[in-house]
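> Below is the file data_29.txt, which contains compact mmCIF, C-alpha atoms.
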# COMPACT_ATOMS: atom_id res chain seq x y z
CA MET N 1 7.25 26.00 6.98
CA SER N 2 5.46 25.91 3.68
CA ALA N 3 3.47 23.68 1.37
CA ASP N 4 6.51 21.41 1.43
CA THR N 5 6.03 20.76 5.15
CA ARG N 6 6.25 17.01 5.48
CA PHE N 7 3.51 15.53 7.63
CA LEU N 8 3.35 12.11 9.28
CA ILE N 9 -0.23 10.96 9.91
CA VAL N 10 -0.50 8.28 12.62
CA ASP N 11 -3.82 6.46 13.04
CA ASP N 12 -4.81 2.79 13.17
CA PHE N 13 -7.90 3.41 11.03
CA SER N 14 -7.08 3.70 7.34
CA THR N 15 -10.25 5.72 6.77
CA MET N 16 -9.11 8.40 9.21
CA ARG N 17 -5.59 8.49 7.77
CA ARG N 18 -7.09 9.05 4.34
CA ILE N 19 -9.43 11.77 5.60
CA LEU N 20 -6.56 13.58 7.33
CA ARG N 21 -4.32 13.28 4.28
CA ASN N 22 -7.03 14.73 2.01
CA LEU N 23 -7.85 17.51 4.45
CA LEU N 24 -4.20 18.48 4.79
CA LYS N 25 -3.96 18.58 1.00
CA GLU N 26 -7.04 20.81 0.86
CA ILE N 27 -5.51 23.28 3.29
CA GLY N 28 -2.30 23.42 1.31
CA PHE N 29 -0.12 20.64 2.69
CA GLY N 30 0.12 17.93 0.07
CA ASN N 31 3.25 16.28 1.43
CA ALA N 32 2.15 13.58 3.87
CA GLU N 33 2.89 9.98 4.75
CA GLU N 34 1.00 7.52 6.91
CA ALA N 35 1.71 5.14 9.78
CA GLU N 36 -0.78 2.74 11.36
CA ASP N 37 0.54 2.91 14.91
CA GLY N 38 3.12 4.58 17.13
CA ALA N 39 5.78 1.93 16.61
CA VAL N 40 5.66 2.26 12.81
CA ALA N 41 5.57 6.05 13.15
CA LEU N 42 8.65 6.07 15.35
CA SER N 43 10.72 4.08 12.87
CA MET N 44 9.55 6.38 10.08
CA LEU N 45 10.40 9.46 12.13
CA LYS N 46 13.87 8.15 12.83
CA ALA N 47 14.43 7.15 9.20
CA GLY N 48 13.03 10.20 7.43
CA LYS N 49 12.81 13.90 7.85
CA PHE N 50 9.33 14.89 8.96
CA ASP N 51 8.29 18.38 9.97
CA PHE N 52 4.96 17.68 11.65
CA VAL N 53 3.22 14.76 13.37
CA VAL N 54 -0.56 14.36 13.46
CA SER N 55 -1.33 11.44 15.75
CA ASP N 56 -4.23 9.48 17.18
CA ILE N 57 -3.92 8.30 20.81
CA ASN N 58 -5.63 4.93 21.07
CA MET N 59 -3.66 2.58 18.83
CA PRO N 60 -2.23 -0.94 19.16
CA ASN N 61 1.49 -1.63 19.66
CA MET N 62 2.36 1.91 20.68
CA ASN N 63 -0.26 4.52 21.51
CA GLY N 64 -0.04 8.25 20.91
CA PHE N 65 1.04 9.09 24.46
CA GLU N 66 3.93 6.64 24.28
CA LEU N 67 4.97 7.97 20.87
CA LEU N 68 4.83 11.56 22.16
CA LYS N 69 6.95 10.67 25.18
CA ILE N 70 9.65 9.02 23.05
CA VAL N 71 9.63 11.84 20.50
CA ARG N 72 9.99 14.51 23.17
CA ALA N 73 12.86 12.58 24.79
CA ASP N 74 14.73 12.15 21.50
CA GLU N 75 17.29 14.87 20.82
CA ALA N 76 16.76 14.72 17.06
CA LEU N 77 12.95 14.68 17.20
CA LYS N 78 11.99 16.63 20.30
CA SER N 79 11.19 19.92 18.58
CA ILE N 80 8.84 18.47 15.97
CA PRO N 81 5.26 19.78 16.21
CA PHE N 82 2.96 17.05 17.51
CA LEU N 83 -0.80 17.46 17.07
CA MET N 84 -3.12 14.97 18.75
CA VAL N 85 -6.28 14.15 16.75
CA THR N 86 -8.27 11.68 18.81
CA ALA N 87 -11.66 10.49 19.98
CA GLU N 88 -10.39 10.52 23.56
CA ALA N 89 -12.46 13.25 25.17
CA LYS N 90 -11.47 12.66 28.79
CA LYS N 91 -10.09 15.75 30.49
CA ASP N 92 -7.33 13.65 32.04
CA ASP N 93 -6.17 12.60 28.57
CA ILE N 94 -6.17 16.18 27.29
CA VAL N 95 -4.14 17.34 30.29
CA GLN N 96 -1.78 14.38 29.95
CA ALA N 97 -1.20 15.25 26.29
CA ALA N 98 -0.51 18.90 27.08
CA GLN N 99 1.84 18.06 29.93
CA GLY N 100 3.56 15.48 27.75
CA GLY N 101 4.42 18.17 25.24
CA ALA N 102 1.67 17.91 22.63
CA SER N 103 1.50 21.01 20.45
CA GLY N 104 -2.28 20.82 20.09
CA TYR N 105 -5.29 18.60 20.70
CA ILE N 106 -8.25 18.02 18.39
CA VAL N 107 -11.15 15.86 19.45
CA LYS N 108 -12.96 13.73 16.86
CA PRO N 109 -15.25 14.31 15.11
CA PHE N 110 -13.68 17.53 13.88
CA THR N 111 -14.02 19.95 10.99
CA LYS N 112 -11.67 21.07 8.25
CA ALA N 113 -11.67 24.56 9.79
CA THR N 114 -10.56 23.19 13.17
CA LEU N 115 -7.69 21.22 11.63
CA GLU N 116 -6.57 24.21 9.56
CA GLU N 117 -6.72 26.55 12.55
CA LYS N 118 -4.69 24.24 14.82
CA VAL N 119 -2.07 23.42 12.18
CA GLN N 120 -1.58 27.07 11.27
CA LYS N 121 -1.45 28.12 14.90
CA ILE N 122 1.25 25.54 15.67
CA LEU N 123 3.27 26.49 12.59
CA THR N 124 2.99 30.21 13.39
CA LYS N 125 4.09 29.63 16.96
CA GLN N 126 7.05 27.57 15.79
CA ASN N 127 8.33 30.19 13.34
CA MET H 20 6.53 -22.52 69.09
CA GLY H 21 7.16 -18.81 68.87
CA HIS H 22 5.01 -16.17 70.36
CA THR H 23 1.98 -15.35 68.18
CA ASP H 24 0.48 -11.91 68.15
CA PRO H 25 -3.13 -12.37 69.36
CA ALA H 26 -4.35 -9.55 67.09
CA ALA H 27 -2.72 -11.08 63.99
CA GLN H 28 -4.10 -14.48 64.91
CA ALA H 29 -7.58 -13.01 65.25
CA VAL H 30 -7.31 -11.39 61.82
CA ALA H 31 -6.09 -14.66 60.26
CA GLU H 32 -8.97 -16.56 61.83
CA SER H 33 -11.38 -13.91 60.65
CA ASP H 34 -9.99 -14.15 57.09
CA GLU H 35 -10.30 -17.91 57.19
CA THR H 36 -13.91 -17.65 58.33
CA VAL H 37 -14.72 -15.20 55.54
CA HIS H 38 -13.08 -17.42 52.93
CA HIS H 39 -14.98 -20.41 54.29
CA ARG H 40 -18.26 -18.52 54.05
CA ILE H 41 -17.50 -17.37 50.51
CA GLY H 42 -16.79 -20.98 49.62
CA GLN H 43 -20.10 -22.10 51.11
CA LEU H 44 -21.98 -19.32 49.31
CA THR H 45 -20.28 -20.23 46.06
CA ARG H 46 -21.24 -23.87 46.42
CA THR H 47 -24.83 -22.91 47.31
CA LEU H 48 -25.01 -20.58 44.31
CA HIS H 49 -23.63 -23.22 41.99
CA ASN H 50 -26.05 -25.86 43.26
CA ALA H 51 -28.95 -23.45 42.98
CA LEU H 52 -27.97 -22.54 39.40
CA ARG H 53 -27.73 -26.19 38.47
CA GLU H 54 -30.99 -27.16 40.15
CA LEU H 55 -32.78 -24.31 38.43
CA GLY H 56 -31.18 -25.17 35.10
CA TYR H 57 -29.33 -21.87 34.88
CA ASP H 58 -25.96 -23.54 34.40
CA ARG H 59 -27.24 -24.55 30.96
CA GLU H 60 -28.27 -20.97 30.31
CA LEU H 61 -24.83 -19.78 31.35
CA MET H 62 -23.31 -22.32 28.99
CA ASP H 63 -25.57 -21.10 26.19
CA ALA H 64 -24.69 -17.50 26.93
CA ARG H 65 -21.00 -18.33 26.79
CA ASP H 66 -21.46 -20.24 23.54
CA HIS H 67 -23.22 -17.28 21.95
CA LEU H 68 -20.58 -14.73 22.80
CA PRO H 69 -18.11 -15.75 20.04
CA ASP H 70 -20.98 -15.41 17.57
CA ALA H 71 -21.74 -11.93 18.91
CA ARG H 72 -18.08 -11.00 18.52
CA ASP H 73 -18.04 -12.27 14.95
CA ARG H 74 -21.12 -10.23 14.13
CA LEU H 75 -19.55 -7.10 15.57
CA ALA H 76 -16.36 -7.75 13.63
CA TYR H 77 -18.49 -8.15 10.52
CA ILE H 78 -20.14 -4.77 11.16
CA ALA H 79 -16.73 -3.16 11.62
CA ARG H 80 -15.44 -4.68 8.39
CA VAL H 81 -18.50 -3.85 6.27
CA THR H 82 -18.77 -0.28 7.54
CA GLY H 83 -15.05 0.15 6.91
CA GLU H 84 -15.43 -1.06 3.34
CA ALA H 85 -18.43 1.24 2.85
CA ALA H 86 -16.43 4.22 4.10
CA GLU H 87 -13.55 3.34 1.75
CA LYS H 88 -15.96 3.11 -1.18
CA VAL H 89 -17.34 6.56 -0.37
CA LEU H 90 -13.82 7.98 -0.11
CA ASN H 91 -12.93 6.44 -3.48
CA ALA H 92 -16.07 7.98 -4.99
CA VAL H 93 -15.22 11.36 -3.46
CA ASP H 94 -11.73 11.19 -4.98
CA ARG H 95 -13.19 10.40 -8.42
CA ALA H 96 -15.76 13.18 -8.11
CA ARG H 97 -13.02 15.65 -7.15
CA SER H 98 -11.07 14.65 -10.21
CA VAL H 99 -14.12 15.24 -12.41
CA GLN H 100 -14.68 18.64 -10.77
CA GLN H 101 -11.05 19.56 -11.41
CA GLU H 102 -11.34 18.68 -15.10
CA LEU H 103 -14.60 20.60 -15.35
CA THR H 104 -12.99 23.69 -13.80
CA GLU H 105 -10.02 23.57 -16.16
CA GLN H 106 -12.08 22.95 -19.30
CA ALA H 107 -14.53 25.71 -18.38
CA GLY H 108 -11.63 28.11 -17.86
CA GLU H 109 -10.18 27.36 -21.29
CA LEU H 110 -13.54 27.63 -23.06
CA ARG H 111 -14.32 30.84 -21.23
CA GLN H 112 -11.17 32.46 -22.64
CA ARG H 113 -12.05 31.35 -26.17
CA TRP H 114 -15.63 32.57 -25.89
CA GLN H 115 -14.43 35.90 -24.48
CA ALA H 116 -12.40 36.31 -27.67
CA VAL H 117 -15.52 35.54 -29.71
CA ALA H 118 -17.48 38.05 -27.61
CA ALA H 119 -14.88 40.75 -28.26
CA PHE H 120 -15.00 40.05 -31.97
CA ALA H 121 -18.81 40.11 -32.02
CA ALA H 122 -18.93 43.38 -30.08
CA GLY H 123 -16.64 45.12 -32.57
CA GLY H 124 -18.43 44.30 -35.79
CA LYS H 125 -21.63 43.41 -37.47
CA ALA H 126 -20.81 39.73 -37.89
CA CYS H 127 -23.26 38.74 -35.22
CA THR H 128 -26.97 39.26 -34.65
CA PRO H 129 -28.21 40.70 -31.31
CA ALA H 130 -29.51 37.24 -30.41
CA GLY H 131 -26.11 35.77 -31.24
CA LYS H 132 -24.35 38.38 -29.06
CA GLN H 133 -26.71 37.60 -26.21
CA LEU H 134 -25.98 33.89 -26.56
CA ILE H 135 -22.24 34.58 -26.54
CA ASP H 136 -22.56 36.73 -23.39
CA GLU H 137 -24.65 34.12 -21.62
CA THR H 138 -22.17 31.41 -22.59
CA CYS H 139 -19.32 33.50 -21.18
CA ASP H 140 -21.28 34.07 -17.97
CA PHE H 141 -21.97 30.36 -17.70
CA PHE H 142 -18.31 29.43 -18.01
CA ALA H 143 -17.40 32.18 -15.56
CA GLY H 144 -19.78 30.64 -13.02
CA VAL H 145 -18.53 27.07 -13.35
CA GLY H 146 -15.55 27.72 -11.09
CA GLY H 147 -17.79 28.87 -8.24
CA GLN H 148 -20.09 25.90 -8.70
CA THR H 149 -17.25 23.39 -8.62
CA ASP H 150 -15.90 25.10 -5.51
CA ARG H 151 -19.28 24.64 -3.81
CA THR H 152 -19.40 21.02 -4.94
CA ASN H 153 -15.92 20.48 -3.48
CA VAL H 154 -17.10 21.84 -0.13
CA ILE H 155 -19.94 19.29 -0.20
CA LEU H 156 -17.49 16.54 -1.13
CA THR H 157 -15.33 17.52 1.85
CA ASP H 158 -18.39 17.21 4.11
CA ILE H 159 -19.11 13.75 2.66
CA MET H 160 -15.49 12.75 3.18
CA LEU H 161 -15.42 13.99 6.78
CA ALA H 162 -18.65 12.11 7.55
CA GLN H 163 -16.76 8.88 6.91
CA ASP H 164 -15.03 9.38 10.25
CA PHE H 165 -17.93 7.34 11.61
CA HIS H 166 -15.86 4.27 10.73
CA ASP H 167 -13.11 5.31 13.11
CA LEU H 168 -15.51 6.37 15.87
CA THR H 169 -17.85 3.36 15.70
CA GLY H 170 -14.91 1.05 15.06
CA GLN H 171 -13.32 2.06 18.35
CA VAL H 172 -16.58 1.43 20.20
CA ILE H 173 -17.01 -1.96 18.51
CA ARG H 174 -13.45 -2.87 19.43
CA ARG H 175 -14.21 -2.15 23.09
CA VAL H 176 -17.46 -4.14 23.01
CA VAL H 177 -15.63 -7.08 21.43
CA ALA H 178 -13.02 -6.91 24.19
CA LEU H 179 -15.82 -6.80 26.75
CA ALA H 180 -17.50 -9.84 25.16
CA GLN H 181 -14.17 -11.65 25.33
CA LEU H 182 -13.86 -10.80 28.98
CA LEU H 183 -17.41 -11.93 29.69
CA GLU H 184 -16.79 -15.18 27.88
CA GLU H 185 -13.69 -15.88 29.90
CA GLN H 186 -15.48 -15.10 33.12
CA LEU H 187 -18.43 -17.29 32.25
CA LEU H 188 -16.09 -20.11 31.36
CA LYS H 189 -14.39 -19.80 34.72
CA LEU H 190 -17.74 -19.83 36.43
CA LEU H 191 -18.72 -23.01 34.67
CA ILE H 192 -15.42 -24.84 35.01
CA GLU H 193 -14.57 -23.94 38.57
CA THR H 194 -18.20 -24.14 39.73
CA THR H 195 -17.66 -20.94 41.52
CA PRO H 196 -18.46 -17.42 40.55
CA PRO H 197 -15.45 -15.40 39.47
CA THR H 198 -13.69 -13.93 42.43
CA GLN H 199 -13.34 -10.60 40.74
CA ARG H 200 -15.85 -8.93 38.53
CA PRO H 201 -14.52 -7.64 35.27
CA ARG H 202 -13.81 -4.04 35.88
CA VAL H 203 -12.86 -1.15 33.70
CA GLU H 204 -9.40 -0.08 34.68
CA SER H 205 -9.09 3.50 35.58
CA LYS H 206 -6.31 4.00 33.05
CA GLN H 207 -8.31 2.54 30.18
CA LEU H 208 -8.75 5.06 27.39
CA GLU H 209 -12.30 6.26 27.17
CA GLY H 210 -12.81 6.66 23.43
CA PRO H 211 -15.77 8.29 21.74
CA VAL H 212 -18.64 9.32 23.96
CA VAL H 213 -21.61 7.06 23.23
CA SER H 214 -23.83 8.05 26.12
CA GLN H 215 -25.73 11.30 26.29
CA ALA H 216 -25.60 11.19 30.07
CA VAL H 217 -24.04 14.25 31.64
CA ARG H 218 -20.47 13.62 32.69
CA ASP H 219 -17.97 16.06 34.07
CA ASP H 220 -14.81 14.06 33.34
CA ILE H 221 -15.03 14.45 29.58
CA VAL H 222 -15.26 17.39 27.22
CA ALA H 223 -18.28 17.76 24.96
CA ASP H 224 -16.57 19.29 21.93
CA GLN H 225 -13.48 21.05 20.55
CA GLN H 226 -14.37 24.23 22.43
CA GLY H 227 -14.21 22.21 25.65
CA VAL H 228 -10.71 21.03 24.73
CA ASP H 229 -9.55 24.57 23.96
CA ASP H 230 -11.08 25.96 27.18
CA LEU H 231 -9.48 23.25 29.31
CA LEU H 232 -6.04 23.78 27.77
CA ALA H 233 -6.36 27.56 28.08
CA SER H 234 -7.28 27.21 31.75
CA LEU H 235 -4.06 25.26 32.27
CA GLY H 236 -1.98 27.88 30.47
CA PHE H 237 -1.35 25.87 27.31
Do you think you could lay out the structure here as structure tokens?


Amino acid sequence: MSADTRFLIVDDFSTMRRILRNLLKEIGFGNAEEAEDGAVALSMLKAGKFDFVVSDINMPNMNGFELLKIVRADEALKSIPFLMVTAEAKKDDIVQAAQGGASGYIVKPFTKATLEEKVQKILTKQN
Amino acid sequence: MGHTDPAAQAVAESDETVHHRIGQLTRTLHNALRELGYDRELMDARDHLPDARDRLAYIARVTGEAAEKVLNAVDRARSVQQELTEQAGELRQRWQAVAAFAAGGKACTPAGKQLIDETCDFFAGVGGQTDRTNVILTDIMLAQDFHDLTGQVIRRVVALAQLLEEQLLKLLIETTPPTQRPRVESKQLEGPVVSQAVRDDIVADQQGVDDLLASLGF
């Protein structure tokens, strides 16, 4: 993984997608695309080659848990790092994400340092 | 006629009695509301809910637009900072050449040399200053996450207003109170924490997330 790592940012709020995209660029990952919900993200994941998913949970059409479940069950996608970045602070949700195969979990509001630490940790673990 | 279980019959009769009583209570409540003029107040409350929803939607839209404007401004400011850094770097190199020339000969007065040195120092410091400004711009950018956080809360309140409206409408049309109170389903996602009340089913911050996951071996 390198600066060419291709990220898919999934969030129904355009403001948050933009913040995440800019933050990823600041920490050295300028290659990112955006999806406004899980359903759009899934079609993008199947169509293109992404190396890393950063996803919200609470979204219309298909939420982050549903997207994670489908990704982990898909032979071609199952090994892709999947970082949850969400306002959902319930312990049950965090446990559900971990048990569902999420690579990391960041609760909003978050800092640049937190995002950088989690992304690097996931990438290090994967290599 | 087949044999009827006495226990089952007793339960059925008991259910019927309860339903009958609920019906009587409902009618009494409805009559009381109407006699006291509260049915009009309920109607008014129901009529005002769409307006409340519109106002909340307006807040969500305007705050979203404000956040986008700030993000656009941050992008422009970053671009300016980038240009400033690059131009300062180029000028610094040229002034360093002038400083080297001035140091080697008598073409420059002491005051001139001092000015050249100070100019070089200034350009050397611009990079650090733009870095600090970029950190501030990142903070400003991150603060716009309020749109996401408040937007999610507004979305839930709008949904709640919709539910209330539907329930009030039922109450008015059917002249009975709704048989089931609107309830928050246990599986409903919780969203941002808006109450400061102490709760043990949510985490307070990122450290709480990390601790919980570590305790589970993740």

> Kindly assemble as JSON lines a list of the chain N residues that lie within 12 Å of chain H, each paired with its nearest atom pair and their distance in Å to one decimal, using only C-alpha atoms, sorted first by chain and then by ascending residue number.


{"residue": "N:Asp11", "atom": "CA", "partner": "H:Asp167", "partner_atom": "CA", "distance": 9.4}
{"residue": "N:Asp12", "atom": "CA", "partner": "H:Asp167", "partner_atom": "CA", "distance": 8.7}
{"residue": "N:Phe13", "atom": "CA", "partner": "H:Asp167", "partner_atom": "CA", "distance": 5.9}
{"residue": "N:Ser14", "atom": "CA", "partner": "H:Asp167", "partner_atom": "CA", "distance": 8.5}
{"residue": "N:Thr15", "atom": "CA", "partner": "H:Glu87", "partner_atom": "CA", "distance": 6.5}
{"residue": "N:Met16", "atom": "CA", "partner": "H:Asp164", "partner_atom": "CA", "distance": 6.1}
{"residue": "N:Arg17", "atom": "CA", "partner": "H:Asp167", "partner_atom": "CA", "distance": 9.8}
{"residue": "N:Arg18", "atom": "CA", "partner": "H:Leu90", "partner_atom": "CA", "distance": 8.1}
{"residue": "N:Ile19", "atom": "CA", "partner": "H:Leu161", "partner_atom": "CA", "distance": 6.5}
{"residue": "N:Leu20", "atom": "CA", "partner": "H:Leu161", "partner_atom": "CA", "distance": 8.9}
{"residue": "N:Arg21", "atom": "CA", "partner": "H:Met160", "partner_atom": "CA", "distance": 11.2}
{"residue": "N:Asn22", "atom": "CA", "partner": "H:Thr157", "partner_atom": "CA", "distance": 8.8}
{"residue": "N:Leu23", "atom": "CA", "partner": "H:Thr157", "partner_atom": "CA", "distance": 7.9}
{"residue": "N:Leu24", "atom": "CA", "partner": "H:Thr157", "partner_atom": "CA", "distance": 11.6}
{"residue": "N:Lys25", "atom": "CA", "partner": "H:Thr157", "partner_atom": "CA", "distance": 11.5}
{"residue": "N:Glu26", "atom": "CA", "partner": "H:Thr157", "partner_atom": "CA", "distance": 9.0}
{"residue": "N:Ile27", "atom": "CA", "partner": "H:Thr157", "partner_atom": "CA", "distance": 11.5}
{"residue": "N:Asp56", "atom": "CA", "partner": "H:Asp167", "partner_atom": "CA", "distance": 10.6}
{"residue": "N:Ile57", "atom": "CA", "partner": "H:Leu208", "partner_atom": "CA", "distance": 8.8}
{"residue": "N:Asn58", "atom": "CA", "partner": "H:Leu208", "partner_atom": "CA", "distance": 7.0}
{"residue": "N:Met59", "atom": "CA", "partner": "H:Gln171", "partner_atom": "CA", "distance": 9.7}
{"residue": "N:Pro60", "atom": "CA", "partner": "H:Arg174", "partner_atom": "CA", "distance": 11.4}
{"residue": "N:Asn63", "atom": "CA", "partner": "H:Leu208", "partner_atom": "CA", "distance": 10.3}
{"residue": "N:Gly64", "atom": "CA", "partner": "H:Leu208", "partner_atom": "CA", "distance": 11.3}
{"residue": "N:Phe65", "atom": "CA", "partner": "H:Leu208", "partner_atom": "CA", "distance": 11.0}
{"residue": "N:Met84", "atom": "CA", "partner": "H:Val228", "partner_atom": "CA", "distance": 11.4}
{"residue": "N:Val85", "atom": "CA", "partner": "H:Gln225", "partner_atom": "CA", "distance": 10.7}
{"residue": "N:Thr86", "atom": "CA", "partner": "H:Gly210", "partner_atom": "CA", "distance": 8.2}
{"residue": "N:Ala87", "atom": "CA", "partner": "H:Pro211", "partner_atom": "CA", "distance": 5.0}
{"residue": "N:Glu88", "atom": "CA", "partner": "H:Gly210", "partner_atom": "CA", "distance": 4.6}
{"residue": "N:Ala89", "atom": "CA", "partner": "H:Ile221", "partner_atom": "CA", "distance": 5.2}
{"residue": "N:Lys90", "atom": "CA", "partner": "H:Ile221", "partner_atom": "CA", "distance": 4.1}
{"residue": "N:Lys91", "atom": "CA", "partner": "H:Ile221", "partner_atom": "CA", "distance": 5.2}
{"residue": "N:Asp92", "atom": "CA", "partner": "H:Asp220", "partner_atom": "CA", "distance": 7.6}
{"residue": "N:Asp93", "atom": "CA", "partner": "H:Leu208", "partner_atom": "CA", "distance": 8.1}
{"residue": "N:Ile94", "atom": "CA", "partner": "H:Val228", "partner_atom": "CA", "distance": 7.1}
{"residue": "N:Val95", "atom": "CA", "partner": "H:Leu232", "partner_atom": "CA", "distance": 7.2}
{"residue": "N:Gln96", "atom": "CA", "partner": "H:Leu232", "partner_atom": "CA", "distance": 10.5}
{"residue": "N:Ala97", "atom": "CA", "partner": "H:Leu232", "partner_atom": "CA", "distance": 9.9}
{"residue": "N:Ala98", "atom": "CA", "partner": "H:Phe237", "partner_atom": "CA", "distance": 7.0}
{"residue": "N:Gln99", "atom": "CA", "partner": "H:Phe237", "partner_atom": "CA", "distance": 8.8}
{"residue": "N:Gly100", "atom": "CA", "partner": "H:Phe237", "partner_atom": "CA", "distance": 11.5}
{"residue": "N:Gly101", "atom": "CA", "partner": "H:Phe237", "partner_atom": "CA", "distance": 9.8}
{"residue": "N:Ala102", "atom": "CA", "partner": "H:Phe237", "partner_atom": "CA", "distance": 9.7}
{"residue": "N:Ser103", "atom": "CA", "partner": "H:Phe237", "partner_atom": "CA", "distance": 8.9}
{"residue": "N:Gly104", "atom": "CA", "partner": "H:Phe237", "partner_atom": "CA", "distance": 8.9}
{"residue": "N:Tyr105", "atom": "CA", "partner": "H:Val228", "partner_atom": "CA", "distance": 7.2}
{"residue": "N:Ile106", "atom": "CA", "partner": "H:Gln225", "partner_atom": "CA", "distance": 6.4}
{"residue": "N:Val107", "atom": "CA", "partner": "H:Gln225", "partner_atom": "CA", "distance": 5.8}
{"residue": "N:Lys108", "atom": "CA", "partner": "H:Pro211", "partner_atom": "CA", "distance": 7.8}
{"residue": "N:Pro109", "atom": "CA", "partner": "H:Asp164", "partner_atom": "CA", "distance": 6.9}
{"residue": "N:Phe110", "atom": "CA", "partner": "H:Gln225", "partner_atom": "CA", "distance": 7.5}
{"residue": "N:Thr111", "atom": "CA", "partner": "H:Leu161", "partner_atom": "CA", "distance": 7.4}
{"residue": "N:Lys112", "atom": "CA", "partner": "H:Leu161", "partner_atom": "CA", "distance": 8.1}
{"residue": "N:Ala113", "atom": "CA", "partner": "H:Thr157", "partner_atom": "CA", "distance": 11.2}
{"residue": "N:Thr114", "atom": "CA", "partner": "H:Gln225", "partner_atom": "CA", "distance": 8.2}
{"residue": "N:Leu115", "atom": "CA", "partner": "H:Gln225", "partner_atom": "CA", "distance": 10.6}
{"residue": "N:Glu117", "atom": "CA", "partner": "H:Gln225", "partner_atom": "CA", "distance": 11.8}
{"residue": "N:Lys118", "atom": "CA", "partner": "H:Asp229", "partner_atom": "CA", "distance": 10.4}
{"residue": "N:Ile122", "atom": "CA", "partner": "H:Phe237", "partner_atom": "CA", "distance": 11.9}

> Can you work out the spacing between CA of Leu188 (chain H) and CA of Ala71 (chain H) in Å, to one decimal?

15.9 Å

> Could you name the residues that touch Arg74 (chain H) at 12 Å or less, counting only C-alpha atoms, but leaving out those on the same chain fewer than 3 positions away, as an MDAnalysis selection string?

chainID H and resid 67:71 77:81 173:174 176:177 180

> Compare H:Leu44, H:Ala96, H:Leu75, H:Ala85 by their minimum atom-to-atom distance to Leu156 (chain H), counting only C-alpha atoms, and give me the closest one.

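Checking each candidate against Leu156 (chain H), we get H:Ala96 as the closest.
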
> Got a sec: who's within 12 Å of Phe7 (chain N), counting all atoms listed in the file, leaving out chain neighbours fewer than 6 positions off, as an NGL selection string?

:N and (1 or 17 or 20-25 or 28-35 or 41 or 44-45 or 48-55 or 80-83 or 119)

> Which residue is closest to Asn61 (chain N)? Choose from N:Ala47, N:Leu77, N:Val40, N:Leu123 and count only C-alpha atoms.

N:Val40

> I'd like the box whose edges run along x, y and z of the file and which contains every listed atom of region 101-117 of chain H, padded by 6 Å per side; could you state its centre and edge lengths in Å, one decimal, as JSON?


{"center_x": -12.8, "center_y": 27.5, "center_z": -20.6, "size_x": 17.6, "size_y": 29.6, "size_z": 30.3}
